[in-house]
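For reference, input_9.txt (compact mmCIF, C-alpha atoms):
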```txt
# COMPACT_ATOMS: atom_id res chain seq x y z
CA MET X 1 13.60 -8.78 -31.76
CA LYS X 2 10.88 -8.04 -29.20
CA ARG X 3 7.67 -9.99 -28.74
CA GLY X 4 5.15 -9.19 -31.43
CA PHE X 5 7.67 -8.24 -34.12
CA TYR X 6 7.14 -11.44 -36.09
CA THR X 7 3.36 -11.15 -35.77
CA ILE X 8 3.61 -7.68 -37.33
CA MET X 9 5.77 -9.12 -40.10
CA SER X 10 3.22 -11.89 -40.79
CA ALA X 11 0.32 -9.44 -40.95
CA GLN X 12 2.28 -7.19 -43.31
CA PHE X 13 3.36 -10.10 -45.51
CA PHE X 14 -0.12 -11.45 -46.22
CA SER X 15 -1.74 -8.04 -46.63
CA SER X 16 0.95 -6.92 -49.08
CA LEU X 17 0.81 -10.26 -50.93
CA ALA X 18 -2.92 -9.77 -51.50
CA ASP X 19 -2.38 -6.14 -52.63
CA ASN X 20 0.08 -7.17 -55.33
CA ALA X 21 -1.88 -10.20 -56.49
CA LEU X 22 -4.97 -8.00 -56.72
CA PHE X 23 -3.09 -5.59 -59.00
CA VAL X 24 -2.50 -8.39 -61.52
CA ALA X 25 -6.13 -9.54 -61.21
CA ALA X 26 -7.35 -5.96 -61.78
CA VAL X 27 -5.18 -5.62 -64.90
CA GLU X 28 -6.60 -8.91 -66.22
CA LEU X 29 -10.16 -7.79 -65.40
CA LEU X 30 -9.69 -4.57 -67.37
CA ARG X 31 -8.18 -6.48 -70.29
CA SER X 32 -11.09 -8.94 -70.29
CA GLN X 33 -13.44 -5.94 -70.43
CA HIS X 34 -11.43 -4.55 -73.40
CA ALA X 35 -10.66 -1.36 -71.46
CA PRO X 36 -8.16 1.04 -73.06
CA GLN X 37 -4.53 0.58 -72.05
CA TRP X 38 -4.38 3.91 -70.22
CA GLN X 39 -6.89 2.56 -67.68
CA GLN X 40 -4.58 -0.35 -66.87
CA ALA X 41 -1.65 2.06 -66.38
CA ALA X 42 -3.88 4.32 -64.25
CA LEU X 43 -4.31 1.59 -61.62
CA VAL X 44 -0.94 2.51 -60.10
CA PRO X 45 -1.64 6.23 -59.51
CA LEU X 46 -5.20 5.52 -58.38
CA PHE X 47 -3.86 3.18 -55.69
CA ALA X 48 -1.63 6.04 -54.54
CA LEU X 49 -4.41 8.66 -54.60
CA PHE X 50 -5.59 8.34 -50.99
CA TYR X 51 -2.01 8.21 -49.70
CA VAL X 52 -1.75 11.80 -50.91
CA VAL X 53 -5.26 13.10 -50.20
CA LEU X 54 -5.49 11.65 -46.67
CA ALA X 55 -1.85 12.09 -45.64
CA PRO X 56 -2.62 14.87 -43.10
CA PHE X 57 -5.12 12.59 -41.34
CA VAL X 58 -3.89 8.98 -41.49
CA GLY X 59 -0.73 9.66 -39.47
CA ALA X 60 -2.70 11.25 -36.64
CA PHE X 61 -5.25 8.41 -36.92
CA ALA X 62 -2.44 5.84 -36.54
CA ASP X 63 -1.16 7.64 -33.42
CA SER X 64 -4.63 7.87 -31.85
CA MET X 65 -5.13 4.16 -31.09
CA PRO X 66 -3.08 0.94 -30.84
CA LYS X 67 -1.52 0.36 -34.22
CA GLY X 68 -2.66 -3.28 -34.41
CA ARG X 69 -6.24 -2.02 -34.33
CA VAL X 70 -5.48 0.55 -37.05
CA MET X 71 -4.06 -2.24 -39.23
CA LEU X 72 -7.21 -4.34 -38.67
CA ILE X 73 -9.52 -1.47 -39.67
CA SER X 74 -7.40 -0.75 -42.74
CA ASN X 75 -7.40 -4.39 -43.79
CA THR X 76 -11.20 -4.42 -43.59
CA ILE X 77 -11.33 -1.48 -46.01
CA LYS X 78 -9.22 -3.49 -48.46
CA ILE X 79 -11.72 -6.37 -48.27
CA ILE X 80 -14.55 -3.93 -49.01
CA GLY X 81 -12.64 -2.78 -52.12
CA CYS X 82 -12.33 -6.40 -53.30
CA LEU X 83 -16.07 -6.97 -52.82
CA MET X 84 -16.84 -3.79 -54.77
CA MET X 85 -14.70 -5.07 -57.65
CA LEU X 86 -16.53 -8.40 -57.59
CA PHE X 87 -20.01 -6.92 -57.60
CA GLY X 88 -19.75 -4.61 -60.59
CA THR X 89 -17.93 -1.46 -59.43
CA HIS X 90 -15.45 -0.26 -62.05
CA PRO X 91 -12.04 -1.86 -61.31
CA MET X 92 -10.34 1.54 -61.22
CA LEU X 93 -12.66 2.88 -58.49
CA ALA X 94 -12.61 -0.37 -56.49
CA TYR X 95 -8.80 -0.54 -56.62
CA ALA X 96 -8.67 3.06 -55.38
CA ILE X 97 -10.69 1.95 -52.32
CA VAL X 98 -8.12 -0.79 -51.69
CA GLY X 99 -5.54 2.01 -51.90
CA LEU X 100 -7.51 3.86 -49.21
CA GLY X 101 -7.05 0.87 -46.89
CA ALA X 102 -3.35 0.70 -47.75
CA ALA X 103 -2.95 4.44 -47.04
CA ALA X 104 -4.35 3.99 -43.54
CA TYR X 105 -2.35 0.77 -43.02
CA SER X 106 1.10 2.13 -43.82
CA PRO X 107 1.66 4.63 -40.94
CA ALA X 108 0.70 1.90 -38.48
CA LYS X 109 2.88 -0.89 -39.91
CA TYR X 110 6.01 1.27 -40.07
CA GLY X 111 5.26 3.47 -37.07
CA ILE X 112 4.94 0.49 -34.74
CA LEU X 113 8.58 -0.40 -35.46
CA THR X 114 9.87 2.82 -33.90
CA GLU X 115 7.61 2.23 -30.87
CA LEU X 116 8.82 -1.34 -30.44
CA LEU X 117 12.54 -1.13 -31.23
CA PRO X 118 15.62 1.03 -30.43
CA ALA X 119 17.48 2.95 -33.15
CA SER X 120 20.24 0.31 -33.39
CA GLN X 121 17.68 -2.29 -34.57
CA LEU X 122 15.82 -0.10 -37.06
CA VAL X 123 17.98 -0.98 -40.07
CA LYS X 124 17.70 -4.68 -39.24
CA ALA X 125 13.93 -4.33 -38.69
CA ASN X 126 13.59 -2.47 -41.98
CA GLY X 127 15.60 -5.19 -43.66
CA TRP X 128 13.06 -7.68 -42.33
CA ILE X 129 10.01 -5.67 -43.27
CA GLU X 130 11.34 -4.64 -46.70
CA GLY X 131 12.59 -8.17 -47.36
CA LEU X 132 9.20 -9.61 -46.45
CA THR X 133 7.38 -6.85 -48.33
CA ILE X 134 9.43 -7.54 -51.44
CA SER X 135 8.93 -11.27 -50.95
CA SER X 136 5.21 -10.61 -50.77
CA ILE X 137 5.50 -8.64 -54.01
CA ILE X 138 7.26 -11.60 -55.63
CA LEU X 139 4.71 -14.11 -54.43
CA GLY X 140 1.82 -11.68 -54.86
CA VAL X 141 2.57 -10.97 -58.50
CA LEU X 142 3.27 -14.64 -59.17
CA VAL X 143 0.13 -15.75 -57.32
CA GLY X 144 -1.92 -13.15 -59.16
CA GLY X 145 -0.50 -14.33 -62.47
CA GLN X 146 -1.26 -17.94 -61.67
CA LEU X 147 -4.76 -17.21 -60.36
CA VAL X 148 -5.74 -15.67 -63.70
CA SER X 149 -4.06 -18.43 -65.71
CA PRO X 150 -6.42 -20.88 -67.49
CA SER X 151 -5.37 -23.92 -65.43
CA VAL X 152 -6.04 -22.35 -62.00
CA SER X 153 -8.95 -20.11 -62.97
CA ASN X 154 -10.83 -23.01 -64.57
CA LEU X 155 -10.46 -24.95 -61.34
CA LEU X 156 -11.75 -22.00 -59.29
CA LEU X 157 -14.68 -21.47 -61.65
CA THR X 158 -15.82 -25.07 -61.13
CA LEU X 159 -16.80 -24.02 -57.58
CA ASP X 160 -19.66 -22.10 -59.25
CA LEU X 161 -19.70 -19.22 -56.74
CA PRO X 162 -22.33 -16.47 -57.27
CA SER X 163 -21.21 -13.45 -59.34
CA ILE X 164 -17.94 -15.21 -60.28
CA ASN X 165 -17.91 -15.52 -64.07
CA SER X 166 -14.33 -14.89 -65.18
CA ALA X 167 -10.74 -15.77 -64.31
CA ALA X 168 -10.11 -12.31 -62.83
CA GLU X 169 -13.22 -12.46 -60.63
CA ALA X 170 -12.26 -15.92 -59.36
CA ALA X 171 -8.80 -14.59 -58.47
CA ILE X 172 -10.29 -11.63 -56.58
CA ALA X 173 -12.58 -13.94 -54.59
CA ALA X 174 -9.61 -16.10 -53.61
CA LEU X 175 -7.63 -13.06 -52.49
CA ILE X 176 -10.32 -12.06 -50.01
CA LEU X 177 -9.29 -15.15 -48.03
CA VAL X 178 -5.70 -13.88 -47.91
CA TYR X 179 -6.86 -10.51 -46.58
CA LEU X 180 -8.87 -12.35 -43.90
CA LEU X 181 -5.71 -14.22 -42.86
CA ALA X 182 -3.85 -10.91 -42.55
CA ALA X 183 -6.73 -9.56 -40.46
CA TRP X 184 -6.38 -12.49 -38.06
CA PHE X 185 -2.69 -11.66 -37.52
CA ASN X 186 -3.69 -8.03 -36.91
CA THR X 187 -5.76 -9.17 -33.92
CA ARG X 188 -2.66 -10.86 -32.42
CA ILE X 189 -0.38 -7.77 -32.44
CA PRO X 190 0.48 -6.81 -28.83
CA LEU X 191 0.26 -3.34 -27.32
CA THR X 192 3.56 -1.43 -27.37
CA GLY X 193 2.78 0.87 -24.46
CA ALA X 194 3.42 3.96 -26.57
CA THR X 195 1.56 7.13 -25.56
CA LEU X 196 -1.56 7.65 -27.67
CA ARG X 197 -2.40 11.06 -29.15
CA PRO X 198 -6.19 11.50 -29.50
CA MET X 199 -7.59 12.80 -32.78
CA PRO X 200 -8.85 16.40 -32.51
CA ARG X 201 -12.58 16.96 -32.85
CA ASN X 202 -12.00 19.20 -35.83
CA TRP X 203 -9.88 17.13 -38.23
CA PHE X 204 -9.05 20.15 -40.36
CA THR X 205 -6.83 21.47 -37.58
CA LEU X 206 -4.49 18.66 -38.62
CA LEU X 207 -3.74 20.38 -41.94
CA PRO X 208 -1.36 23.04 -40.54
CA ASP X 209 0.13 20.42 -38.19
CA PHE X 210 0.81 18.10 -41.14
CA TRP X 211 2.33 20.93 -43.16
CA ASN X 212 4.57 21.84 -40.22
CA CYS X 213 5.70 18.17 -39.90
CA ASN X 214 6.39 18.02 -43.63
CA THR X 215 8.42 21.24 -43.48
CA ARG X 216 10.43 20.09 -40.45
CA LEU X 217 11.41 16.82 -42.13
CA TRP X 218 12.47 18.57 -45.34
CA LYS X 219 14.56 21.07 -43.35
CA ASP X 220 16.33 18.36 -41.32
CA ARG X 221 19.85 17.87 -42.72
CA LEU X 222 19.56 14.08 -42.74
CA GLY X 223 15.80 13.84 -43.12
CA GLN X 224 15.86 15.79 -46.39
CA ILE X 225 18.40 13.40 -47.94
CA SER X 226 16.58 10.23 -46.91
CA LEU X 227 13.14 11.64 -47.77
CA SER X 228 14.18 12.81 -51.24
CA THR X 229 15.82 9.44 -51.94
CA THR X 230 12.86 7.31 -50.82
CA THR X 231 10.41 9.65 -52.58
CA LEU X 232 12.16 9.17 -55.90
CA PHE X 233 12.80 5.46 -55.38
CA TRP X 234 9.20 4.56 -54.61
CA GLY X 235 7.84 6.97 -57.22
CA VAL X 236 9.74 5.15 -59.93
CA SER X 237 9.44 1.64 -58.45
CA GLY X 238 5.69 1.95 -58.04
CA ASN X 239 5.27 2.66 -61.73
CA LEU X 240 8.02 0.30 -62.86
CA ARG X 241 5.81 -2.59 -61.75
CA TYR X 242 3.38 -1.85 -64.59
CA ILE X 243 6.08 -0.73 -67.03
CA VAL X 244 7.82 -4.12 -66.71
CA LEU X 245 4.49 -5.78 -67.62
CA ALA X 246 4.20 -3.50 -70.67
CA TRP X 247 7.89 -4.00 -71.61
CA ALA X 248 7.59 -7.79 -71.36
CA ALA X 249 4.55 -7.71 -73.65
CA ALA X 250 6.32 -5.45 -76.19
CA ALA X 251 9.86 -6.92 -76.10
CA LEU X 252 9.12 -10.58 -75.36
CA GLY X 253 5.48 -11.00 -76.40
CA TYR X 254 4.55 -12.16 -72.89
CA SER X 255 1.03 -12.56 -71.50
CA VAL X 256 0.06 -11.15 -68.07
CA THR X 257 0.84 -14.49 -66.42
CA GLN X 258 4.27 -14.74 -68.06
CA ALA X 259 5.15 -11.07 -67.54
CA SER X 260 4.23 -11.27 -63.86
CA THR X 261 7.17 -13.63 -63.34
CA LEU X 262 9.59 -10.89 -64.48
CA VAL X 263 8.12 -8.44 -61.98
CA GLY X 264 8.80 -11.15 -59.42
CA VAL X 265 12.40 -11.42 -60.62
CA VAL X 266 12.97 -7.70 -59.92
CA ALA X 267 11.51 -8.22 -56.47
CA ILE X 268 13.84 -11.17 -55.79
CA GLY X 269 16.82 -8.89 -56.34
CA THR X 270 15.29 -6.16 -54.18
CA ALA X 271 14.70 -8.63 -51.35
CA ALA X 272 18.30 -9.85 -51.59
CA GLY X 273 19.62 -6.27 -51.56
CA ALA X 274 17.41 -5.44 -48.58
CA ILE X 275 18.68 -8.40 -46.59
CA ILE X 276 22.34 -7.67 -47.39
CA ALA X 277 21.85 -4.02 -46.41
CA SER X 278 20.27 -5.02 -43.09
CA LEU X 279 23.33 -7.13 -42.28
CA ARG X 280 26.09 -4.83 -43.51
CA THR X 281 24.83 -1.25 -43.17
CA ARG X 282 24.41 0.93 -40.09
CA LEU X 283 21.93 3.77 -39.71
CA GLU X 284 24.57 6.49 -40.05
CA ASP X 285 25.86 4.96 -43.34
CA ALA X 286 22.65 5.71 -45.26
CA PRO X 287 23.55 9.22 -46.56
CA ARG X 288 26.54 7.78 -48.44
CA LEU X 289 24.42 5.50 -50.68
CA PRO X 290 22.97 7.80 -53.43
CA PRO X 291 25.58 6.62 -56.00
CA LEU X 292 23.72 3.28 -55.99
CA GLY X 293 20.64 5.19 -57.15
CA VAL X 294 22.60 6.73 -60.03
CA ALA X 295 23.72 3.25 -61.11
CA MET X 296 20.16 1.98 -60.80
CA GLY X 297 18.85 4.70 -63.11
CA LEU X 298 21.46 3.96 -65.76
CA LEU X 299 20.65 0.23 -65.62
CA VAL X 300 16.95 0.96 -66.21
CA ILE X 301 17.87 2.54 -69.55
CA VAL X 302 19.84 -0.57 -70.57
CA LEU X 303 16.62 -2.59 -70.24
CA ASN X 304 15.54 -1.19 -73.62
CA PHE X 305 18.32 -3.12 -75.36
CA ILE X 306 17.40 -6.54 -73.92
CA ASP X 307 15.12 -8.87 -75.88
CA ASN X 308 16.18 -12.23 -74.42
CA VAL X 309 14.62 -13.52 -71.21
CA TRP X 310 17.85 -15.33 -70.18
CA VAL X 311 19.67 -12.00 -70.23
CA ALA X 312 16.73 -10.09 -68.76
CA ALA X 313 16.31 -12.28 -65.66
CA PRO X 314 19.78 -11.80 -64.06
CA PHE X 315 19.78 -8.17 -65.17
CA LEU X 316 16.50 -7.52 -63.38
CA VAL X 317 17.84 -9.26 -60.26
CA LEU X 318 20.82 -6.87 -60.26
CA LEU X 319 18.55 -3.88 -60.81
CA GLY X 320 16.35 -4.90 -57.92
CA GLY X 321 19.35 -5.64 -55.70
CA LEU X 322 20.72 -2.10 -56.05
CA GLY X 323 17.31 -0.69 -55.18
CA GLY X 324 16.91 -2.90 -52.12
CA TYR X 325 20.37 -2.06 -50.77
CA LEU X 326 19.65 1.65 -51.24
CA VAL X 327 16.13 1.92 -49.82
CA VAL X 328 16.40 -0.08 -46.57
CA PRO X 329 18.99 2.15 -44.80
CA MET X 330 17.31 5.27 -46.20
CA ASN X 331 13.92 4.15 -44.88
CA ALA X 332 15.41 3.39 -41.47
CA LEU X 333 17.14 6.79 -41.27
CA LEU X 334 13.95 8.56 -42.32
CA GLN X 335 11.90 6.73 -39.67
CA HIS X 336 14.53 7.55 -37.04
CA ARG X 337 14.58 11.27 -37.85
CA GLY X 338 10.79 11.44 -38.14
CA HIS X 339 10.29 9.64 -34.83
CA ASN X 340 12.59 12.13 -33.11
CA LEU X 341 11.02 15.18 -34.74
CA MET X 342 7.26 14.49 -34.62
CA GLY X 343 6.27 10.93 -33.67
CA ALA X 344 6.01 7.67 -35.59
CA GLY X 345 2.59 7.88 -37.23
CA ARG X 346 2.90 11.48 -38.39
CA SER X 347 6.40 10.98 -39.79
CA ILE X 348 5.32 7.92 -41.80
CA ALA X 349 2.32 9.86 -43.11
CA VAL X 350 4.67 12.63 -44.29
CA GLN X 351 6.89 10.01 -45.93
CA ASN X 352 3.89 8.38 -47.62
CA PHE X 353 2.58 11.74 -48.81
CA ASN X 354 5.82 12.57 -50.59
CA GLU X 355 6.44 9.08 -51.98
CA GLN X 356 2.88 8.50 -53.15
CA ALA X 357 2.64 12.00 -54.61
CA CYS X 358 5.65 11.04 -56.72
CA ILE X 359 3.97 7.75 -57.73
CA LEU X 360 0.78 9.66 -58.51
CA SER X 361 2.52 12.31 -60.62
CA LEU X 362 4.71 9.87 -62.56
CA GLY X 363 1.80 7.42 -62.94
CA PHE X 364 -0.56 9.99 -64.40
CA LEU X 365 2.25 11.23 -66.64
CA TYR X 366 2.83 7.66 -67.86
CA SER X 367 -0.92 7.06 -68.33
CA PHE X 368 -1.21 10.29 -70.32
CA SER X 369 1.84 9.37 -72.41
CA THR X 370 0.39 5.92 -73.10
CA GLY X 371 -2.87 7.51 -74.21
CA MET X 372 -0.85 9.73 -76.57
CA GLY X 373 0.92 6.69 -78.05
CA VAL X 374 4.31 6.78 -76.25
CA SER X 375 5.88 3.29 -76.16
CA ALA X 376 7.02 1.40 -73.09
CA PHE X 377 10.62 1.68 -74.37
CA THR X 378 10.50 5.49 -74.37
CA ALA X 379 8.91 5.56 -70.93
CA ILE X 380 11.65 3.29 -69.52
CA ALA X 381 14.39 5.53 -70.96
CA CYS X 382 12.77 8.62 -69.42
CA PHE X 383 12.39 6.94 -66.04
CA GLY X 384 16.03 5.83 -66.07
CA LEU X 385 17.33 9.30 -66.92
CA LEU X 386 15.14 10.81 -64.21
CA VAL X 387 16.46 8.47 -61.53
CA ALA X 388 20.13 8.89 -62.47
CA SER X 389 20.02 12.69 -62.69
CA VAL X 390 17.97 13.30 -59.52
CA MET X 391 20.06 10.84 -57.48
CA ALA X 392 23.19 12.67 -58.61
CA LEU X 393 21.63 15.92 -57.36
CA ILE X 394 20.79 14.30 -54.00
CA GLN X 395 24.40 13.14 -53.67
CA TYR X 396 25.60 16.70 -54.32
CA TRP X 397 23.03 18.02 -51.79
CA HIS X 398 24.40 15.82 -48.99
CA ARG X 399 28.01 16.66 -49.78
CA ARG X 400 27.12 20.36 -49.60
CA ASN X 401 25.40 19.81 -46.23
CA VAL X 402 28.52 18.08 -44.90
CA ARG X 403 30.63 21.01 -46.09
CA VAL X 404 28.38 23.95 -45.14
CA HIS X 405 26.53 22.52 -42.11
CA ALA X 406 29.21 20.17 -40.78
CA GLN X 407 28.44 20.66 -37.07
CA GLU X 408 24.69 20.04 -37.48
CA VAL X 409 25.19 16.95 -39.66
CA GLN X 410 27.67 15.51 -37.17
CA ARG X 411 25.23 16.10 -34.28
CA LEU X 412 22.46 14.25 -36.11
CA LEU X 413 24.78 11.37 -36.98
CA ASP X 414 25.78 11.11 -33.29
CA ILE X 415 22.08 10.82 -32.38
CA ALA X 416 21.67 8.04 -34.96
CA ARG X 417 24.54 6.12 -33.35
CA ASN X 418 23.10 6.34 -29.82
CA ASP X 419 20.04 4.27 -28.85
CA ASN X 420 19.48 6.40 -25.73
CA LEU X 421 18.83 9.45 -27.94
CA HIS X 422 16.29 7.67 -30.18
CA GLY X 423 12.92 9.36 -29.43
```
Here is the file; what I need is its structure written in the form of structure tokens.
Amino acid sequence: MKRGFYTIMSAQFFSSLADNALFVAAVELLRSQHAPQWQQAALVPLFALFYVVLAPFVGAFADSMPKGRVMLISNTIKIIGCLMMLFGTHPMLAYAIVGLGAAAYSPAKYGILTELLPASQLVKANGWIEGLTISSIILGVLVGGQLVSPSVSNLLLTLDLPSINSAAEAAIAALILVYLLAAWFNTRIPLTGATLRPMPRNWFTLLPDFWNCNTRLWKDRLGQISLSTTTLFWGVSGNLRYIVLAWAAAALGYSVTQASTLVGVVAIGTAAGAIIASLRTRLEDAPRLPPLGVAMGLLVIVLNFIDNVWVAAPFLVLLGGLGGYLVVPMNALLQHRGHNLMGAGRSIAVQNFNEQACILSLGFLYSFSTGMGVSAFTAIACFGLLVASVMALIQYWHRRNVRVHAQEVQRLLDIARNDNLHG
């Protein structure tokens, strides 16, 4: 890997770790304030809100300056969100501001890969970044769970910091230090030499440009398969993080600290699947993987019949492993097609728009269902059926493309195999 790749990975790891630990702290803060359960579930779609609203702008913003600088600015916004949560802003609003920072961060962290590396290394690079991202989810959720636990929070509270009066607030204060560490790594990211595209004076001119980029990616015979797969995967996975917390409380009687370990178990499997995929799968193999998504959806439904943690743990590892093996090649293929069609930042913004819109829609649906009294078990069954059925449709879609548009699909696969045609 080229110089700077591991610095990018370090910055991403610590920023993502803090994001996931903060989610657990925000859930605990809402519970300590006796907020209704729908507010806890709403944290997930609120985090995704700015990904959707600002999608036409953040991609162009990421392409307008060195991406290390974009990541530094975005990380600062996350710190502001943490401070807002500490000093009395409602946790839902403050967590949405952290989501604003994450929305601006994402096009830069993924877009820089296509500027730094050739097509032949994109799957491996995505294996690294997804493996580290999932590892950060594991550690982030576990760290968040431990920070709000009585043993650690009591120790933090003995420091007697101003405005820190609860376990959740002490955890949030500690996480600011992690964001600061990520910011330091952001300052060490080297320039890639990629051509910058200045932001237009009138930002609203970006709206038709974004819509055109979105349309081009959905019309691309490989882009549409990878984009639909990653959209569904992240839409479900983003909400499954909270659903596993709710399921663990309902099926196993777990607290937030205990349930956070099971979210980490899913992430362990995803990291393993991501690493295996990066070693065994080539870019052009990605369109053949939707059957793994069908299997993943069916396994989600089986979760409803498990009430023993010793059965649940290996099962969740398997579930995560299928997801990791599926999403890494699909992400790499999507980045490759987007980079060729419209540029790194814009293509990642289109990807984020679709994926986060799915998280937003499913999250608000789940929050509404929870407010209406639907159980976690019913929600899990619905999510599983959705994944299995839609992934089966995506598999059919690709097979039809191969049959009806054989020459075009073959041309795009040839481009994916050739580094000299990447960008």
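Of the listed residues (X:Tyr51, X:Glu408, X:Ile243, X:His339), X:Ile243 comes nearest to Gln37 (chain X); the distances count all atoms listed in the file.
The residue that comes closest to Thr230 (chain X), out of X:Tyr95, X:Phe353, X:Phe377, X:Phe210 and on the basis of all atoms listed in the file, is X:Phe353.
Proximity of X:Gly323, X:Pro329, X:Gly81, X:Gly371 to Pro287 (chain X), computed with all atoms listed in the file, is greatest for X:Pro329.
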Interface rows for region 156-263 of chain X against region 297-310 of chain X: nearest pair, Å to one decimal, 9 Å, only C-alpha atoms, as a tab-separated table:
```
residue	atom	partner	partner_atom	distance
X:Trp247	CA	X:Asn304	CA	8.4
X:Ala248	CA	X:Asp307	CA	8.8
X:Ala251	CA	X:Asp307	CA	5.6
X:Leu252	CA	X:Asp307	CA	6.3
X:Leu262	CA	X:Val309	CA	8.8
```
Selection near Thr195 (chain X), 10 Å with all atoms listed in the file, sequence-local residues under 5 positions removed, as a tab-separated table (two decimals) with C-alpha atoms, keeping the file's coordinate frame:
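As a result, selection.tsv now contains:
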```tsv
chain	number	residue	atom	x	y	z
X	63	ASP	CA	-1.16	7.64	-33.42
X	64	SER	CA	-4.63	7.87	-31.85
X	65	MET	CA	-5.13	4.16	-31.09
X	66	PRO	CA	-3.08	0.94	-30.84
X	115	GLU	CA	7.61	2.23	-30.87
```
Nearest to Gly4 (chain X) by atom-to-atom distance, counting all atoms listed in the file, from X:Ile189, X:Leu46, X:Ala277, X:Leu147: X:Ile189
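CA of Val311 (chain X) lies 20.2 Å from CA of Thr378 (chain X).
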Could you give me, as a Markdown table, every region 46-73 of chain X residue with an atom at most 9 Å from region 355-359 of chain X, plus its closest atom pair and distance in Å to one decimal, counting all atoms listed in the file, rows ordered by chain then number?
```
| residue | atom | partner | partner_atom | distance |
| --- | --- | --- | --- | --- |
| X:Phe47 | CA | X:Gln356 | CA | 9.0 |
| X:Ala48 | CA | X:Gln356 | CA | 5.3 |
| X:Leu49 | CA | X:Gln356 | CA | 7.4 |
| X:Phe50 | CA | X:Gln356 | CA | 8.7 |
| X:Tyr51 | CA | X:Gln356 | CA | 6.0 |
| X:Val52 | CA | X:Ala357 | CA | 5.7 |
```
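The interatomic distance for the pair CA of Ser149 (chain X) and CA of Ala18 (chain X) works out to 16.7 Å.
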